[in-house]
file query07.txt (compact mmCIF, C-alpha atoms and all ligand atoms)
# COMPACT_ATOMS: atom_id res chain seq x y z
CA MET A 1095 85.31 -75.34 55.93
CA LYS A 1096 84.83 -74.66 52.22
CA PRO A 1097 87.69 -75.13 49.74
CA PRO A 1098 89.46 -71.91 48.66
CA ARG A 1099 87.94 -70.04 45.71
CA GLY A 1100 91.12 -69.89 43.66
CA VAL A 1101 94.47 -71.70 43.63
CA VAL A 1102 97.73 -70.40 42.19
CA VAL A 1103 100.32 -73.11 41.54
CA VAL A 1104 103.86 -71.77 41.06
CA GLY A 1105 106.15 -74.03 39.04
CA ALA A 1106 104.97 -76.00 36.02
CA GLY A 1107 107.04 -79.14 36.45
CA LEU A 1108 105.91 -82.53 37.75
CA GLY A 1109 104.74 -81.27 41.15
CA GLY A 1110 102.80 -78.32 39.74
CA VAL A 1111 101.15 -80.24 36.92
CA ARG A 1112 100.23 -83.17 39.15
CA THR A 1113 98.77 -80.88 41.82
CA VAL A 1114 96.54 -79.27 39.20
CA ALA A 1115 95.45 -82.63 37.80
CA ARG A 1116 94.75 -83.99 41.28
CA LEU A 1117 92.78 -80.89 42.27
CA ARG A 1118 90.47 -81.37 39.31
CA GLY A 1119 90.42 -85.12 39.95
CA ALA A 1120 89.26 -84.38 43.51
CA GLY A 1121 86.35 -82.34 42.12
CA TYR A 1122 87.82 -78.90 42.80
CA ARG A 1123 85.91 -76.36 40.64
CA GLY A 1124 87.56 -73.06 41.59
CA GLU A 1125 89.88 -71.09 39.33
CA ILE A 1126 93.36 -72.57 38.94
CA THR A 1127 96.37 -70.65 37.62
CA LEU A 1128 99.59 -72.46 36.80
CA ALA A 1129 102.62 -70.15 36.62
CA GLY A 1130 105.93 -71.44 35.29
CA ALA A 1131 109.31 -69.85 34.58
CA GLU A 1132 110.17 -71.99 31.55
CA PRO A 1133 108.71 -71.05 28.17
CA HIS A 1134 108.26 -74.71 27.15
CA ALA A 1135 105.05 -76.68 27.52
CA PRO A 1136 105.41 -78.53 30.86
CA TYR A 1137 107.51 -81.69 30.57
CA ASP A 1138 108.78 -84.59 32.63
CA ARG A 1139 112.42 -84.77 33.75
CA PRO A 1140 113.42 -88.47 34.01
CA PRO A 1141 113.56 -88.86 30.20
CA LEU A 1142 116.09 -86.00 30.00
CA SER A 1143 118.98 -88.19 31.17
CA LYS A 1144 117.59 -91.24 29.35
CA GLN A 1145 115.53 -91.20 26.14
CA ILE A 1146 116.11 -87.51 25.30
CA LEU A 1147 119.86 -87.74 25.87
CA THR A 1148 120.22 -90.91 23.84
CA GLY A 1149 118.07 -89.44 21.06
CA HIS A 1150 115.44 -92.19 21.31
CA TRP A 1151 112.70 -89.63 22.01
CA PRO A 1152 112.04 -86.23 20.46
CA PRO A 1153 111.56 -83.52 23.13
CA GLU A 1154 107.77 -83.39 22.56
CA ARG A 1155 107.41 -86.94 23.85
CA ALA A 1156 108.44 -85.87 27.36
CA ARG A 1157 105.54 -83.42 27.59
CA PHE A 1158 102.86 -83.89 30.22
CA ARG A 1159 99.49 -84.59 28.66
CA GLU A 1160 97.28 -84.39 31.73
CA LEU A 1161 96.44 -80.67 31.60
CA ALA A 1162 94.30 -80.98 28.45
CA GLY A 1163 90.68 -80.06 29.15
CA LEU A 1164 91.27 -79.25 32.83
CA ASP A 1165 90.31 -75.55 32.63
CA VAL A 1166 93.60 -74.15 33.89
CA ARG A 1167 94.94 -70.67 33.24
CA ALA A 1168 98.62 -71.10 32.33
CA ARG A 1169 101.19 -68.30 32.67
CA LEU A 1170 104.33 -69.86 31.21
CA GLY A 1171 107.69 -68.19 30.57
CA VAL A 1172 107.30 -65.68 33.42
CA PRO A 1173 108.92 -66.52 36.78
CA ALA A 1174 107.32 -65.68 40.08
CA VAL A 1175 109.39 -63.10 41.96
CA GLY A 1176 107.48 -62.58 45.18
CA TRP A 1177 104.90 -63.90 47.63
CA ARG A 1178 102.75 -62.32 50.28
CA GLU A 1179 99.71 -63.87 51.88
CA GLY A 1180 97.13 -64.42 49.15
CA VAL A 1181 99.23 -62.93 46.33
CA VAL A 1182 101.96 -64.21 43.99
CA GLU A 1183 103.88 -61.61 42.04
CA LEU A 1184 105.28 -62.40 38.59
CA ALA A 1185 108.35 -60.86 36.95
CA ASP A 1186 106.19 -58.89 34.49
CA GLY A 1187 104.44 -57.14 37.39
CA THR A 1188 101.28 -59.25 37.28
CA GLU A 1189 99.83 -60.02 40.70
CA LEU A 1190 97.98 -63.32 40.96
CA ALA A 1191 95.52 -63.36 43.84
CA ALA A 1192 94.57 -66.68 45.38
CA GLU A 1193 93.11 -68.06 48.54
CA ALA A 1194 95.60 -70.94 48.23
CA VAL A 1195 99.12 -71.01 46.81
CA VAL A 1196 101.08 -74.15 45.97
CA VAL A 1197 104.83 -73.73 45.62
CA ALA A 1198 106.24 -76.29 43.16
CA THR A 1199 109.35 -74.51 41.91
CA GLY A 1200 111.56 -77.58 42.17
CA ALA A 1201 115.31 -77.28 42.36
CA GLN A 1202 118.22 -76.03 40.32
CA ALA A 1203 121.44 -77.85 39.55
CA LYS A 1204 124.20 -77.03 42.03
CA THR A 1205 127.39 -75.62 40.60
CA LEU A 1206 130.94 -75.87 41.93
CA PRO A 1207 133.10 -72.89 42.90
CA GLY A 1208 134.76 -71.41 39.83
CA GLN A 1209 132.74 -73.58 37.44
CA PRO A 1210 133.23 -72.06 33.97
CA ASP A 1211 130.46 -71.47 31.42
CA GLY A 1212 130.59 -74.35 29.00
CA VAL A 1213 130.62 -76.98 31.75
CA HIS A 1214 127.30 -78.80 31.47
CA ALA A 1215 124.55 -79.41 34.01
CA LEU A 1216 121.42 -81.52 33.55
CA ARG A 1217 118.20 -80.25 35.04
CA THR A 1218 116.12 -78.76 32.23
CA MET A 1219 115.09 -79.65 28.69
CA ASP A 1220 117.45 -76.94 27.41
CA ASP A 1221 120.30 -78.54 29.43
CA ALA A 1222 119.50 -81.95 27.95
CA LEU A 1223 119.43 -80.70 24.37
CA ALA A 1224 122.69 -78.78 24.85
CA LEU A 1225 124.37 -81.85 26.37
CA ARG A 1226 123.04 -84.12 23.62
CA ALA A 1227 124.42 -81.77 20.95
CA ALA A 1228 127.80 -81.61 22.71
CA LEU A 1229 128.05 -85.40 23.05
CA ALA A 1230 127.20 -85.85 19.37
CA GLY A 1231 130.51 -84.35 18.30
CA ALA A 1232 132.67 -85.55 21.20
CA GLY A 1233 134.97 -88.47 21.95
CA SER A 1234 135.29 -88.13 25.70
CA LEU A 1235 133.18 -87.17 28.71
CA LEU A 1236 134.12 -86.31 32.27
CA VAL A 1237 131.37 -86.48 34.86
CA VAL A 1238 131.81 -84.87 38.27
CA GLY A 1239 129.50 -86.63 40.73
CA ALA A 1240 128.43 -90.27 40.62
CA GLY A 1241 124.79 -89.97 41.63
CA PHE A 1242 121.98 -91.43 39.54
CA ILE A 1243 122.03 -88.59 36.98
CA GLY A 1244 125.81 -88.70 36.54
CA ALA A 1245 125.68 -92.50 36.12
CA GLU A 1246 122.84 -92.26 33.59
CA VAL A 1247 124.78 -89.73 31.50
CA ALA A 1248 127.89 -91.92 31.73
CA SER A 1249 125.78 -94.83 30.53
CA ALA A 1250 124.45 -92.85 27.53
CA ALA A 1251 127.98 -91.75 26.62
CA ARG A 1252 129.41 -95.28 26.83
CA ALA A 1253 126.57 -96.46 24.58
CA ARG A 1254 127.91 -93.95 22.03
CA GLY A 1255 131.38 -95.49 22.41
CA MET A 1256 132.83 -92.46 24.19
CA GLU A 1257 135.65 -92.56 26.73
CA VAL A 1258 134.08 -91.75 30.07
CA THR A 1259 135.65 -90.75 33.38
CA VAL A 1260 133.52 -90.30 36.49
CA LEU A 1261 134.83 -88.51 39.58
CA GLU A 1262 133.17 -89.09 42.93
CA ALA A 1263 134.21 -87.49 46.21
CA LEU A 1264 132.78 -90.36 48.29
CA GLU A 1265 134.12 -93.90 48.43
CA VAL A 1266 131.10 -95.36 46.58
CA PRO A 1267 128.81 -94.05 43.86
CA CYS A 1268 125.05 -93.52 44.31
CA ALA A 1269 125.61 -93.71 48.07
CA ARG A 1270 122.90 -91.20 48.96
CA ALA A 1271 120.12 -93.32 47.45
CA LEU A 1272 121.52 -96.80 48.08
CA GLY A 1273 124.02 -96.72 50.92
CA ALA A 1274 127.57 -98.08 50.73
CA GLU A 1275 126.95 -101.79 50.06
CA ALA A 1276 124.48 -101.44 47.19
CA GLY A 1277 126.23 -98.28 45.98
CA ALA A 1278 129.26 -100.49 45.35
CA LEU A 1279 127.13 -102.47 42.87
CA CYS A 1280 126.53 -99.21 40.97
CA GLY A 1281 130.30 -98.82 40.96
CA ARG A 1282 130.60 -102.24 39.34
CA LEU A 1283 128.06 -101.30 36.68
CA LEU A 1284 130.21 -98.29 35.81
CA THR A 1285 133.55 -100.03 35.75
CA GLU A 1286 132.28 -103.18 33.99
CA ALA A 1287 130.96 -100.90 31.25
CA GLY A 1288 134.44 -99.46 30.79
CA VAL A 1289 134.05 -96.22 32.74
CA ASP A 1290 137.17 -94.90 34.47
CA LEU A 1291 135.64 -94.43 37.94
CA ARG A 1292 137.73 -92.46 40.40
CA LEU A 1293 136.41 -92.64 43.94
CA GLY A 1294 137.46 -90.39 46.82
CA ALA A 1295 138.41 -87.80 44.18
CA ARG A 1296 138.84 -84.26 45.49
CA LEU A 1297 138.31 -81.60 42.86
CA SER A 1298 140.37 -78.47 43.45
CA GLY A 1299 139.15 -76.45 40.46
CA PHE A 1300 138.72 -75.98 36.74
CA ALA A 1301 141.51 -74.79 34.41
CA ASP A 1302 138.84 -74.24 31.73
CA ALA A 1303 135.55 -75.77 30.58
CA ALA A 1304 137.35 -78.92 29.41
CA THR A 1305 139.91 -79.39 32.21
CA VAL A 1306 139.50 -80.18 35.89
CA GLU A 1307 142.21 -80.24 38.51
CA LEU A 1308 142.26 -82.62 41.46
CA ALA A 1309 143.65 -81.91 44.91
CA ASP A 1310 146.48 -84.42 44.29
CA GLY A 1311 147.66 -82.35 41.31
CA THR A 1312 146.13 -84.57 38.60
CA ARG A 1313 144.68 -82.73 35.59
CA LEU A 1314 141.93 -84.41 33.61
CA MET A 1315 140.68 -83.24 30.23
CA ALA A 1316 137.64 -84.26 28.23
CA ASP A 1317 135.70 -82.92 25.26
CA VAL A 1318 132.61 -82.53 27.45
CA VAL A 1319 132.45 -81.96 31.21
CA LEU A 1320 129.23 -82.47 33.19
CA VAL A 1321 128.78 -81.49 36.83
CA GLY A 1322 126.10 -83.58 38.54
CA VAL A 1323 126.47 -82.86 42.23
CA GLY A 1324 122.84 -82.47 43.23
CA ALA A 1325 120.25 -79.74 43.17
CA ALA A 1326 119.32 -76.92 45.54
CA PRO A 1327 115.71 -75.85 46.18
CA ALA A 1328 114.53 -73.02 43.89
CA VAL A 1329 113.56 -70.53 46.60
CA ASP A 1330 115.37 -67.29 45.64
CA TRP A 1331 112.04 -65.75 44.68
CA LEU A 1332 110.86 -66.20 48.29
CA ALA A 1333 113.83 -64.34 49.83
CA GLU A 1334 111.72 -61.42 51.02
CA THR A 1335 109.34 -63.64 52.97
CA GLY A 1336 112.01 -64.08 55.62
CA VAL A 1337 111.25 -67.83 55.68
CA ASP A 1338 114.41 -69.93 56.05
CA ALA A 1339 114.15 -72.19 53.00
CA GLY A 1340 117.78 -72.98 52.18
CA ALA A 1341 117.21 -76.66 52.93
CA GLY A 1342 113.76 -76.59 51.34
CA LEU A 1343 110.46 -75.07 52.40
CA ARG A 1344 109.57 -76.69 55.70
CA CYS A 1345 106.08 -78.18 55.61
CA ASP A 1346 103.87 -80.21 57.90
CA GLU A 1347 102.74 -83.74 56.99
CA ARG A 1348 100.05 -82.36 54.63
CA GLY A 1349 102.43 -80.03 52.80
CA ARG A 1350 101.37 -76.79 54.53
CA VAL A 1351 104.37 -74.46 54.58
CA LEU A 1352 105.41 -73.35 58.07
CA GLY A 1353 105.34 -69.56 58.35
CA MET A 1354 103.50 -68.98 55.04
CA PRO A 1355 99.72 -68.96 55.60
CA ALA A 1356 97.42 -70.55 52.98
CA THR A 1357 100.48 -71.92 51.20
CA TRP A 1358 101.50 -75.49 50.44
CA ALA A 1359 104.68 -76.87 48.84
CA VAL A 1360 105.32 -80.05 46.86
CA GLY A 1361 108.27 -81.71 45.18
CA ASP A 1362 111.97 -80.95 45.16
CA VAL A 1363 111.48 -77.50 46.72
CA ALA A 1364 109.67 -78.90 49.75
CA ALA A 1365 111.00 -80.40 52.97
CA TRP A 1366 108.04 -82.20 54.52
CA ALA A 1367 107.92 -83.25 58.16
CA ASP A 1368 109.13 -86.82 58.34
CA PRO A 1369 107.91 -88.55 61.50
CA LEU A 1370 110.29 -91.50 61.00
CA ARG A 1371 113.35 -89.27 60.88
CA GLY A 1372 111.97 -86.74 63.34
CA LYS A 1373 112.93 -83.87 61.02
CA HIS A 1374 112.08 -82.22 57.72
CA PHE A 1375 113.34 -83.90 54.57
CA ARG A 1376 113.49 -83.22 50.82
CA TYR A 1377 112.95 -86.36 48.76
CA GLU A 1378 113.73 -85.30 45.16
CA HIS A 1379 112.24 -88.42 43.58
CA TRP A 1380 109.49 -88.68 41.00
CA THR A 1381 106.99 -90.79 42.92
CA SER A 1382 107.34 -88.82 46.15
CA VAL A 1383 106.52 -85.66 44.18
CA THR A 1384 103.35 -87.24 42.78
CA ASP A 1385 102.37 -88.57 46.23
CA GLN A 1386 102.84 -85.11 47.75
CA ALA A 1387 100.78 -83.52 44.96
CA ALA A 1388 97.94 -85.95 45.71
CA MET A 1389 98.09 -85.14 49.42
CA VAL A 1390 98.16 -81.36 48.89
CA ALA A 1391 95.33 -81.45 46.34
CA ALA A 1392 93.20 -83.46 48.79
CA ASP A 1393 93.97 -81.00 51.59
CA ILE A 1394 93.05 -77.98 49.48
CA ALA A 1395 89.92 -79.59 47.98
CA ARG A 1396 88.93 -80.83 51.45
CA VAL A 1397 88.55 -84.45 50.42
CA LYS A 1398 89.88 -87.61 52.07
CA PRO A 1399 93.70 -87.77 51.86
CA PRO A 1400 95.23 -90.67 49.94
CA ALA A 1401 96.71 -93.58 51.87
CA PRO A 1402 100.48 -93.25 52.29
CA ALA A 1403 102.41 -95.01 49.50
CA VAL A 1404 105.64 -96.97 49.75
CA PRO A 1405 108.41 -94.67 48.44
CA TYR A 1406 109.76 -95.79 45.05
CA VAL A 1407 112.77 -94.58 43.04
CA TRP A 1408 114.26 -95.90 39.83
CA SER A 1409 117.25 -95.24 37.61
CA ASP A 1410 118.03 -96.69 34.16
CA GLN A 1411 121.70 -97.28 33.52
CA PHE A 1412 123.91 -99.70 31.61
CA GLY A 1413 120.97 -101.67 30.27
CA LEU A 1414 119.23 -102.36 33.55
CA LYS A 1415 116.77 -100.73 35.90
CA ILE A 1416 117.78 -100.00 39.48
CA GLN A 1417 114.67 -99.88 41.67
CA VAL A 1418 114.42 -98.84 45.28
CA LEU A 1419 111.37 -99.41 47.46
CA GLY A 1420 110.95 -98.00 50.96
CA ARG A 1421 113.43 -96.11 53.08
CA PRO A 1422 116.98 -97.53 52.77
CA GLU A 1423 118.36 -94.49 54.60
CA LEU A 1424 116.74 -95.75 57.80
CA ALA A 1425 118.61 -99.07 57.71
CA ASP A 1426 121.45 -100.18 59.94
CA GLU A 1427 122.08 -103.39 58.00
CA VAL A 1428 122.01 -104.45 54.34
CA VAL A 1429 121.42 -108.11 53.51
CA PRO A 1430 121.49 -109.85 50.09
CA LEU A 1431 118.03 -111.29 49.31
CA HIS A 1432 118.49 -112.50 45.71
CA GLY A 1433 121.29 -112.88 43.22
CA ASP A 1434 125.06 -112.96 43.57
CA GLY A 1435 126.14 -109.36 43.12
CA PHE A 1436 127.34 -109.03 46.70
CA THR A 1437 129.67 -112.00 46.33
CA GLY A 1438 131.24 -110.94 43.04
CA GLY A 1439 128.66 -112.53 40.73
CA PRO A 1440 126.54 -110.65 38.19
CA VAL A 1441 125.02 -107.40 39.41
CA ARG A 1442 121.91 -108.08 37.34
CA GLY A 1443 119.37 -110.03 39.34
CA THR A 1444 120.66 -108.85 42.74
CA VAL A 1445 118.21 -107.63 45.38
CA ALA A 1446 119.36 -106.07 48.65
CA GLY A 1447 117.22 -105.88 51.78
CA TYR A 1448 117.60 -102.96 54.17
CA PHE A 1449 116.87 -103.65 57.82
CA SER A 1450 116.47 -101.41 60.81
CA GLY A 1451 116.91 -103.86 63.66
CA GLU A 1452 114.65 -106.77 62.75
CA ARG A 1453 112.35 -104.69 60.51
CA LEU A 1454 112.54 -104.52 56.71
CA VAL A 1455 112.60 -100.81 55.78
CA GLY A 1456 113.57 -101.04 52.11
CA VAL A 1457 114.74 -103.13 49.18
CA ALA A 1458 116.87 -102.29 46.14
CA GLY A 1459 116.93 -104.34 42.97
CA PHE A 1460 119.35 -104.32 40.06
CA GLY A 1461 117.64 -105.56 36.90
CA ALA A 1462 115.37 -107.66 39.11
CA PRO A 1463 111.83 -106.24 38.74
CA LYS A 1464 109.97 -109.49 39.44
CA PRO A 1465 111.69 -110.48 42.70
CA LEU A 1466 111.60 -106.87 43.84
CA ALA A 1467 107.85 -106.56 43.36
CA ARG A 1468 107.32 -109.38 45.86
CA TYR A 1469 108.70 -107.18 48.63
CA ARG A 1470 106.39 -104.19 48.20
CA ALA A 1471 103.83 -105.40 50.75
CA LEU A 1472 106.56 -106.57 53.13
CA VAL A 1473 108.26 -103.16 53.01
CA ALA A 1474 104.91 -101.41 53.46
CA ALA A 1475 104.30 -103.53 56.58
CA ASN A 1476 107.92 -103.18 57.80
CA ALA A 1477 107.89 -106.95 58.06
CA LEU A 1478 110.02 -108.78 60.58
CA ARG A 1479 113.10 -110.54 59.22
CA SER A 1480 111.57 -113.87 60.29
CA GLU A 1481 108.48 -113.16 58.12
CA ILE A 1482 110.46 -112.77 54.90
CA PRO A 1483 110.28 -115.84 52.65
CA LEU A 1484 113.72 -117.04 51.59
CA ALA A 1485 114.43 -116.98 47.83
C1 LIG A 1501 117.65 -85.35 34.56
C2 LIG A 1501 116.78 -85.89 35.64
C3 LIG A 1501 116.46 -87.24 35.68
C4 LIG A 1501 115.66 -87.76 36.69
N1 LIG A 1501 115.39 -89.09 36.71
C5 LIG A 1501 114.66 -89.60 37.73
C6 LIG A 1501 114.40 -91.00 37.79
O1 LIG A 1501 114.82 -91.77 36.93
N2 LIG A 1501 113.66 -91.47 38.84
C7 LIG A 1501 113.19 -90.65 39.81
O2 LIG A 1501 112.54 -91.14 40.77
N3 LIG A 1501 113.39 -89.31 39.77
C8 LIG A 1501 114.12 -88.77 38.75
N4 LIG A 1501 114.36 -87.43 38.70
C9 LIG A 1501 113.80 -86.58 39.76
C10 LIG A 1501 112.41 -86.04 39.40
O3 LIG A 1501 112.31 -85.76 38.04
C11 LIG A 1501 112.19 -84.79 40.23
O4 LIG A 1501 112.09 -85.20 41.57
C12 LIG A 1501 110.94 -84.04 39.81
O5 LIG A 1501 111.05 -83.54 38.51
C13 LIG A 1501 110.70 -82.85 40.74
O6 LIG A 1501 109.51 -82.23 40.37
P1 LIG A 1501 109.22 -80.73 40.84
O7 LIG A 1501 107.92 -80.36 40.22
O8 LIG A 1501 109.40 -80.60 42.29
O9 LIG A 1501 110.39 -79.86 40.19
P2 LIG A 1501 110.75 -79.61 38.67
O10 LIG A 1501 110.41 -80.79 37.85
O11 LIG A 1501 112.15 -79.11 38.69
O12 LIG A 1501 109.79 -78.41 38.23
C14 LIG A 1501 109.87 -77.14 38.82
C15 LIG A 1501 109.47 -76.09 37.80
O13 LIG A 1501 109.35 -74.85 38.47
C16 LIG A 1501 109.92 -73.84 37.66
N5 LIG A 1501 110.32 -72.69 38.47
C17 LIG A 1501 111.44 -72.54 39.22
N6 LIG A 1501 111.45 -71.33 39.81
C18 LIG A 1501 110.31 -70.71 39.42
C19 LIG A 1501 109.73 -69.43 39.69
N7 LIG A 1501 110.33 -68.53 40.50
N8 LIG A 1501 108.54 -69.12 39.13
C20 LIG A 1501 107.90 -70.01 38.34
N9 LIG A 1501 108.41 -71.25 38.03
C21 LIG A 1501 109.59 -71.57 38.58
C22 LIG A 1501 111.09 -74.53 37.01
O14 LIG A 1501 111.48 -73.81 35.83
C23 LIG A 1501 110.51 -75.91 36.70
O15 LIG A 1501 109.91 -75.94 35.43
C24 LIG A 1501 115.16 -86.89 37.70
C25 LIG A 1501 115.49 -85.52 37.66
C26 LIG A 1501 116.28 -85.02 36.65
C27 LIG A 1501 116.63 -83.55 36.64
call {"tool": "encode", "arguments": {"input": "query07.txt", "output": "structure tokens"}}
result
Amino acid sequence: MKPPRGVVVVGAGLGGVRTVARLRGAGYRGEITLAGAEPHAPYDRPPLSKQILTGHWPPERARFRELAGLDVRARLGVPAVGWREGVVELADGTELAAEAVVVATGAQAKTLPGQPDGVHALRTMDDALALRAALAGAGSLLVVGAGFIGAEVASAARARGMEVTVLEALEVPCARALGAEAGALCGRLLTEAGVDLRLGARLSGFADAATVELADGTRLMADVVLVGVGAAPAVDWLAETGVDAGAGLRCDERGRVLGMPATWAVGDVAAWADPLRGKHFRYEHWTSVTDQAAMVAADIARVKPPAPAVPYVWSDQFGLKIQVLGRPELADEVVPLHGDGFTGGPVRGTVAGYFSGERLVGVAGFGAPKPLARYRALVAANALRSEIPLA
């Protein structure tokens, strides 16, 4: 079968831009249109909670450079509002016809019930610049949600000398990415940096944009409040398709969307079939988005698909890099491999191994890039515990 004559990519974030670049890299010569809701030149998101927030980078430095010279028609600043087979409709009435459509509309920050305007979120460049401006004149920050983004913002605020409180409903921070044992090390990073970390905190509401109320009656005030409780797939524009996409657009293992012919999805909006879990799953991490873009581009261009990569996630907080390789969520046991963080020693230098039975399914390192790198091949091979060299 020949490749399609034209591709419309909807969403000009990481997944959209990488799909375009990979299509051209795979030799695809058809017409490509990249449609994006934001008016800005496409940019990368990890720096938003790091170098942009701290002021170390100007916004332009987060821009993607890979579209230059790729012969792509860009329609930026106009959201897509509808899809039917072979056609994407934009808010200005334009209809973009394509034999292949790639949905890369990402996700939007979740809000809490009754969340007032003036409470910050962090998903877009505009969010990051607004938060940076607010922090510049503030003495205190309250973060609701101790995931990676909440912890990174807390880290930036502590570096400015601000008083920081972090509320987390679960009993450990960063639990979704790291599990309970290694999540507790994130908790130590927060508290050792002087953050007032309140675990098991139940938020009952907001009195105003600077005051939250907890279920136990406590009221907490701060100059700036940030809600970082995750992101929901950006699928409102697909409502009329009748496809159930609330938990992400369900795709097969090549990114083809179930129930939407000639349509693929990549990135935070997509829930790809996951044979290891036996269900569809949204990853929401930078490298999985780029891996999916490579797979989808190969499928559309009809070239050999890339070999599967070992999943990788990172977060920069409190002066060190947390790195996760593999699939910790599949583990039933976590074992210290390096360092003393699990026995009360320094968190820096600690590496945790995640095992499912006797098989290594993931590793997480805290400021330990060199030891961590040694495990990449072992994680890729799901090595047996007995095959892992002792530190
Ligand atoms: C602040 C922050 C920090 C992060 N840090 C890390 C990190 O350190 N490590 C890591 O592994 N991952 C990190 N991530 C996650 C990573 O950046 C995301 O997984 C990645 O950006 C997802 O790419 P995407 O293309 O799917 O979505 P996005 O990057 O969200 O791009 C989607 C684009 O589609 C547009 N869009 C939405 N709806 C429409 C529509 N109807 N029509 C047209 N366009 C539309 C949006 O405006 C957006 O520009 C971070 C994310 C954030 C928000």
call {"tool": "residues_around", "arguments": {"input": "query07.txt", "residues": "Glu1423 of chain A", "least_positions_apart": "6", "cutoff": "12 Å", "atoms": "all atoms listed in the file", "output": "ChimeraX atom specification"}}
result
/A:1269-1274,1276,1370-1371,1375,1377,1405,1447-1450,1454-1458
call {"tool": "closest_residue", "arguments": {"input": "query07.txt", "among": "A:Met1219, A:Leu1279, A:Val1266, A:Ala1198", "to": "Arg1442 of chain A", "atoms": "only C-alpha atoms"}}
result
A:Leu1279
call {"tool": "residues_near_ligand", "arguments": {"input": "query07.txt", "ligand": "ligand LIG 1501 (chain A)", "cutoff": "6 Å", "atoms": "all atoms listed in the file", "output": "ChimeraX atom specification"}}
result
/A:1104-1110,1129-1132,1139-1140,1142-1143,1173-1175,1198-1201,1216-1217,1243,1328,1331,1361-1363,1378-1381,1383,1407-1409
call {"tool": "atom_distance", "arguments": {"input": "query07.txt", "atom1": "atom CA of Pro1141 of chain A", "atom2": "atom CA of Gly1435 of chain A"}}
result
27.3 Å
call {"tool": "closest_atom_pairs", "arguments": {"input": "query07.txt", "of": "segment 1164-1271 of chain A", "to": "segment 1296-1315 of chain A", "cutoff": "8 Å", "atoms": "all atoms listed in the file", "output": "tab-separated table"}}
result
residue	atom	partner	partner_atom	distance
A:Pro1207	CA	A:Gly1299	CA	7.4
A:Gly1208	CA	A:Gly1299	CA	6.7
A:Gln1209	CA	A:Phe1300	CA	6.5
A:Pro1210	CA	A:Ala1303	CA	5.5
A:Asp1211	CA	A:Ala1303	CA	6.7
A:Gly1212	CA	A:Ala1303	CA	5.4
A:Val1213	CA	A:Ala1303	CA	5.2
A:Leu1236	CA	A:Met1315	CA	7.5
A:Glu1262	CA	A:Arg1296	CA	7.9
A:Ala1263	CA	A:Arg1296	CA	5.7
call {"tool": "residues_around", "arguments": {"input": "query07.txt", "residues": "Ala1341 of chain A", "least_positions_apart": "6", "cutoff": "9 Å", "atoms": "only C-alpha atoms", "output": "list in words"}}
result
Ala1326, Pro1327, Val1363, Ala1364, Ala1365, His1374, Phe1375 and Arg1376 of chain A
call {"tool": "atom_distance", "arguments": {"input": "query07.txt", "atom1": "atom CA of Gly1413 of chain A", "atom2": "atom CA of Ala1251 of chain A"}}
result
12.7 Å
call {"tool": "atom_distance", "arguments": {"input": "query07.txt", "atom1": "atom CA of Ala1192 of chain A", "atom2": "atom CA of Arg1099 of chain A"}}
result
7.4 Å
call {"tool": "closest_residue", "arguments": {"input": "query07.txt", "among": "A:Lys1204, A:Gly1324, A:Arg1479, A:Leu1352", "to": "Val1337 of chain A", "atoms": "only C-alpha atoms"}}
result
A:Leu1352
call {"tool": "residues_around", "arguments": {"input": "query07.txt", "residues": "Val1101 of chain A", "least_positions_apart": "2", "cutoff": "7 Å", "atoms": "only C-alpha atoms", "output": "number ranges by chain"}}
result
A: 1103, 1125-1127, 1192-1195
call {"tool": "closest_residue", "arguments": {"input": "query07.txt", "among": "A:Arg1453, A:Lys1373, A:His1214, A:Lys1398", "to": "Pro1422 of chain A", "atoms": "all atoms listed in the file"}}
result
A:Arg1453
call {"tool": "closest_residue", "arguments": {"input": "query07.txt", "among": "A:Leu1283, A:Ala1446, A:Val1197, A:Val1329", "to": "Leu1466 of chain A", "atoms": "all atoms listed in the file"}}
result
A:Ala1446
call {"tool": "closest_residue", "arguments": {"input": "query07.txt", "among": "A:Gly1372, A:Glu1183, A:Tyr1469, A:Val1319", "to": "Gly1233 of chain A", "atoms": "all atoms listed in the file"}}
result
A:Val1319
call {"tool": "closest_residue", "arguments": {"input": "query07.txt", "among": "A:Leu1206, A:Val1166, A:Gln1411, A:His1134", "to": "Ala1253 of chain A", "atoms": "all atoms listed in the file"}}
result
A:Gln1411
call {"tool": "residues_around", "arguments": {"input": "query07.txt", "residues": "Leu1161 of chain A", "least_positions_apart": "3", "cutoff": "9 Å", "atoms": "all atoms listed in the file", "output": "MDAnalysis selection string"}}
result
chainID A and resid 1111:1112 1114:1115 1158 1164:1166
call {"tool": "axis_aligned_box", "arguments": {"input": "query07.txt", "around": "segment 1234-1238 of chain A", "padding_each_side": "3 Å", "output": "JSON"}}
result
{"center_x": 133.3, "center_y": -86.5, "center_z": 32.0, "size_x": 9.9, "size_y": 9.3, "size_z": 18.6}
call {"tool": "residues_around", "arguments": {"input": "query07.txt", "residues": "Leu1414 of chain A", "least_positions_apart": "4", "cutoff": "8 Å", "atoms": "all atoms listed in the file", "output": "tab-separated table (two decimals) with C-alpha atoms, in the frame of the given file"}}
result
chain	number	residue	atom	x	y	z
A	1410	ASP	CA	118.03	-96.69	34.16
A	1442	ARG	CA	121.91	-108.08	37.34
A	1460	PHE	CA	119.35	-104.32	40.06
A	1461	GLY	CA	117.64	-105.56	36.90
call {"tool": "residues_near_point", "arguments": {"input": "query07.txt", "point": "(119.1, -111.6, 45.4)", "cutoff": "8 Å", "atoms": "all atoms listed in the file", "output": "PyMOL selection string"}}
result
chain A and resi 1430-1435+1443-1446+1459+1465+1485
call {"tool": "closest_atom_pairs", "arguments": {"input": "query07.txt", "of": "segment 1309-1348 of chain A", "to": "segment 1178-1181 of chain A", "cutoff": "10 Å", "atoms": "only C-alpha atoms", "output": "JSON lines"}}
result
{"residue": "A:Leu1332", "atom": "CA", "partner": "A:Arg1178", "partner_atom": "CA", "distance": 9.2}
{"residue": "A:Glu1334", "atom": "CA", "partner": "A:Arg1178", "partner_atom": "CA", "distance": 9.0}
{"residue": "A:Thr1335", "atom": "CA", "partner": "A:Arg1178", "partner_atom": "CA", "distance": 7.2}
